[in-house]
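Source file: start.pdb (PDB, C-alpha atoms)
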ATOM      1  CA  MET A 294       8.458 116.344 128.813
ATOM      2  CA  GLY A 295       6.796 113.747 130.957
ATOM      3  CA  GLY A 296       3.213 113.133 131.835
ATOM      4  CA  GLY A 297       3.252 114.916 135.162
ATOM      5  CA  GLY A 298       2.670 111.701 137.117
ATOM      6  CA  PRO A 299       4.888 110.260 139.812
ATOM      7  CA  ALA A 300       8.396 109.212 138.798
ATOM      8  CA  THR A 301       8.931 105.527 138.159
ATOM      9  CA  TYR A 302      12.709 105.852 137.664
ATOM     10  CA  ASN A 303      15.244 108.472 138.677
ATOM     11  CA  LEU A 304      17.878 108.953 135.972
ATOM     12  CA  THR A 305      21.522 109.782 136.626
ATOM     13  CA  ILE A 306      24.558 110.108 134.381
ATOM     14  CA  ASN A 307      27.740 108.743 135.955
ATOM     15  CA  ALA A 308      31.390 108.547 134.935
ATOM     16  CA  ALA A 309      30.749 111.168 132.269
ATOM     17  CA  THR A 310      33.714 112.192 130.136
ATOM     18  CA  PRO A 311      33.743 113.678 126.639
ATOM     19  CA  THR A 312      33.670 110.149 125.176
ATOM     20  CA  ALA A 313      32.135 107.898 127.839
ATOM     21  CA  TYR A 314      29.145 107.774 130.162
ATOM     22  CA  ILE A 315      26.891 105.463 132.139
ATOM     23  CA  ILE A 316      23.200 106.297 132.455
ATOM     24  CA  GLN A 317      21.469 104.680 135.418
ATOM     25  CA  ALA A 318      17.728 104.338 135.959
ATOM     26  CA  VAL A 319      17.062 103.789 139.665
ATOM     27  CA  PRO A 320      13.555 102.470 140.459
ATOM     28  CA  ALA A 321      11.287 104.917 142.298
ATOM     29  CA  GLY A 322       7.644 105.135 143.270
ATOM     30  CA  ALA A 323       5.655 102.165 141.993
ATOM     31  CA  GLN A 324       8.842 100.604 140.555
ATOM     32  CA  VAL A 325      10.871 100.691 143.805
ATOM     33  CA  ASN A 326      10.519  96.929 144.352
ATOM     34  CA  ASP A 327      11.114  95.981 140.714
ATOM     35  CA  PRO A 328      13.100  92.709 140.628
ATOM     36  CA  CYS A 329      15.472  94.097 137.972
ATOM     37  CA  GLY A 330      16.726  96.845 140.265
ATOM     38  CA  THR A 331      18.787  99.612 138.721
ATOM     39  CA  LEU A 332      19.123  99.560 134.933
ATOM     40  CA  SER A 333      22.223 100.952 133.223
ATOM     41  CA  LEU A 334      23.258 101.920 129.707
ATOM     42  CA  THR A 335      26.743 102.901 128.485
ATOM     43  CA  GLN A 336      27.860 104.979 125.511
ATOM     44  CA  THR A 337      28.579 101.740 123.628
ATOM     45  CA  GLY A 338      24.997 100.547 124.089
ATOM     46  CA  ALA A 339      25.919  97.956 126.733
ATOM     47  CA  LYS A 340      22.927  97.322 128.986
ATOM     48  CA  GLY A 341      23.069  96.193 132.601
ATOM     49  CA  VAL A 342      20.951  95.342 135.622
ATOM     50  CA  SER A 343      21.940  95.505 139.286
ATOM     51  CA  THR A 344      20.435  92.125 140.148
ATOM     52  CA  GLY A 345      21.142  88.627 138.886
ATOM     53  CA  LEU A 346      18.225  88.596 136.442
ATOM     54  CA  PRO A 347      19.000  88.180 132.733
ATOM     55  CA  ILE A 348      19.438  91.465 130.873
ATOM     56  CA  GLY A 349      16.939  90.342 128.223
ATOM     57  CA  GLN A 350      14.269  89.889 130.870
ATOM     58  CA  CYS A 351      14.704  93.417 132.206
ATOM     59  CA  TRP A 352      15.421  95.289 128.963
ATOM     60  CA  ARG A 353      12.520  94.821 126.555
TER      61      ARG A 353
END
Structure rendered as structure tokens:
Amino acid sequence: MGGGGPATYNLTINAATPTAYIIQAVPAGAQVNDPCGTLSLTQTGAKGVSTGLPIGQCWR
């Protein structure tokens, strides 16, 4: 998968258990200075951002 271009986010899976996880997308390359910072998603569908910006502004 992927287009072979430079990464714009590095993905990690944290706090993984059989029933719970947190996926984090850490900005990289051209996105490194993105004002939303690190994006996160939990197994319940809860979305997060590492900065004070509104979630709706960063998750579109």
Let me know the residues the PyMOL selection byres ((chain A and resi 338) around 12) catches in the file above, as an mmCIF file with C-alpha atoms, in the coordinates of the input.
data_model
loop_
_atom_site.group_PDB
_atom_site.id
_atom_site.type_symbol
_atom_site.label_atom_id
_atom_site.label_comp_id
_atom_site.auth_asym_id
_atom_site.auth_seq_id
_atom_site.Cartn_x
_atom_site.Cartn_y
_atom_site.Cartn_z
ATOM 1 C CA ALA A 313 32.135 107.898 127.839
ATOM 2 C CA TYR A 314 29.145 107.774 130.162
ATOM 3 C CA ILE A 315 26.891 105.463 132.139
ATOM 4 C CA ILE A 316 23.200 106.297 132.455
ATOM 5 C CA SER A 333 22.223 100.952 133.223
ATOM 6 C CA LEU A 334 23.258 101.920 129.707
ATOM 7 C CA THR A 335 26.743 102.901 128.485
ATOM 8 C CA GLN A 336 27.860 104.979 125.511
ATOM 9 C CA THR A 337 28.579 101.740 123.628
ATOM 10 C CA ALA A 339 25.919 97.956 126.733
ATOM 11 C CA LYS A 340 22.927 97.322 128.986
ATOM 12 C CA GLY A 341 23.069 96.193 132.601
ATOM 13 C CA TRP A 352 15.421 95.289 128.963
#
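Residues matching the PyMOL selection byres ((chain A and resi 326-329) around 9) in this structure come to Pro320, Ala321, Gly322, Ala323, Gln324, Val325, Gly330, Thr331, Leu332, Val342, Ser343, Thr344, Gly345, Leu346, Pro347, Ile348, Gln350 and Cys351 of chain A.
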Enclose stretch 322-327 of chain A, meaning all of its atoms listed in the file, in a box aligned along x, y and z, pad it by 5 Å on each side, and list the centre and edge lengths in Å to one decimal, as AutoDock Vina command-line options.
--center_x 8.4 --center_y 100.6 --center_z 142.5 --size_x 15.5 --size_y 19.2 --size_z 13.8
Practice item. Using all atoms listed in the file, collect all residues at a distance of at most 6 Å from (19.2, 105.7, 137.4) as written in the file, then present them as a ChimeraX atom specification. Key: /A:303-305,317-319
With the input short on atoms, add N, CA and C atoms back to stretch 300-320 of chain A and write it as a CSV table (one decimal), in the coordinates of the input.
chain,number,residue,atom,x,y,z
A,300,ALA,N,7.2,109.8,139.5
A,300,ALA,CA,8.4,109.2,138.8
A,300,ALA,C,8.4,107.7,139.0
A,301,THR,N,8.8,107.0,138.0
A,301,THR,CA,8.9,105.5,138.2
A,301,THR,C,10.4,105.2,138.2
A,302,TYR,N,11.3,106.0,137.6
A,302,TYR,CA,12.7,105.9,137.7
A,302,TYR,C,13.3,107.2,137.8
A,303,ASN,N,14.4,107.3,138.6
A,303,ASN,CA,15.2,108.5,138.7
A,303,ASN,C,16.5,108.2,137.8
A,304,LEU,N,16.8,109.1,136.9
A,304,LEU,CA,17.9,109.0,136.0
A,304,LEU,C,19.1,109.7,136.4
A,305,THR,N,20.3,109.1,136.3
A,305,THR,CA,21.5,109.8,136.6
A,305,THR,C,22.5,109.5,135.5
A,306,ILE,N,23.5,110.4,135.3
A,306,ILE,CA,24.6,110.1,134.4
A,306,ILE,C,25.8,110.1,135.2
A,307,ASN,N,26.5,108.9,135.2
A,307,ASN,CA,27.7,108.7,136.0
A,307,ASN,C,28.9,108.5,135.1
A,308,ALA,N,30.1,108.8,135.6
A,308,ALA,CA,31.4,108.5,134.9
A,308,ALA,C,31.4,109.3,133.6
A,309,ALA,N,30.8,110.4,133.5
A,309,ALA,CA,30.7,111.2,132.3
A,309,ALA,C,32.1,111.8,131.9
A,310,THR,N,32.5,111.5,130.7
A,310,THR,CA,33.7,112.2,130.1
A,310,THR,C,33.3,112.6,128.7
A,311,PRO,N,34.1,113.3,128.0
A,311,PRO,CA,33.7,113.7,126.6
A,311,PRO,C,33.4,112.5,125.7
A,312,THR,N,33.9,111.3,126.1
A,312,THR,CA,33.7,110.1,125.2
A,312,THR,C,33.0,109.0,125.9
A,313,ALA,N,32.7,109.1,127.1
A,313,ALA,CA,32.1,107.9,127.8
A,313,ALA,C,31.1,108.3,128.9
A,314,TYR,N,30.1,107.5,129.1
A,314,TYR,CA,29.1,107.8,130.2
A,314,TYR,C,28.4,106.5,130.5
A,315,ILE,N,27.8,106.5,131.7
A,315,ILE,CA,26.9,105.5,132.1
A,315,ILE,C,25.6,106.1,132.6
A,316,ILE,N,24.5,105.8,132.0
A,316,ILE,CA,23.2,106.3,132.5
A,316,ILE,C,22.6,105.2,133.3
A,317,GLN,N,22.1,105.6,134.5
A,317,GLN,CA,21.5,104.7,135.4
A,317,GLN,C,20.0,105.1,135.7
A,318,ALA,N,19.1,104.1,135.7
A,318,ALA,CA,17.7,104.3,136.0
A,318,ALA,C,17.4,103.6,137.3
A,319,VAL,N,17.3,104.4,138.3
A,319,VAL,CA,17.1,103.8,139.7
A,319,VAL,C,15.6,103.8,139.9
A,320,PRO,N,15.0,102.6,140.2
A,320,PRO,CA,13.6,102.5,140.5
A,320,PRO,C,13.1,103.4,141.6
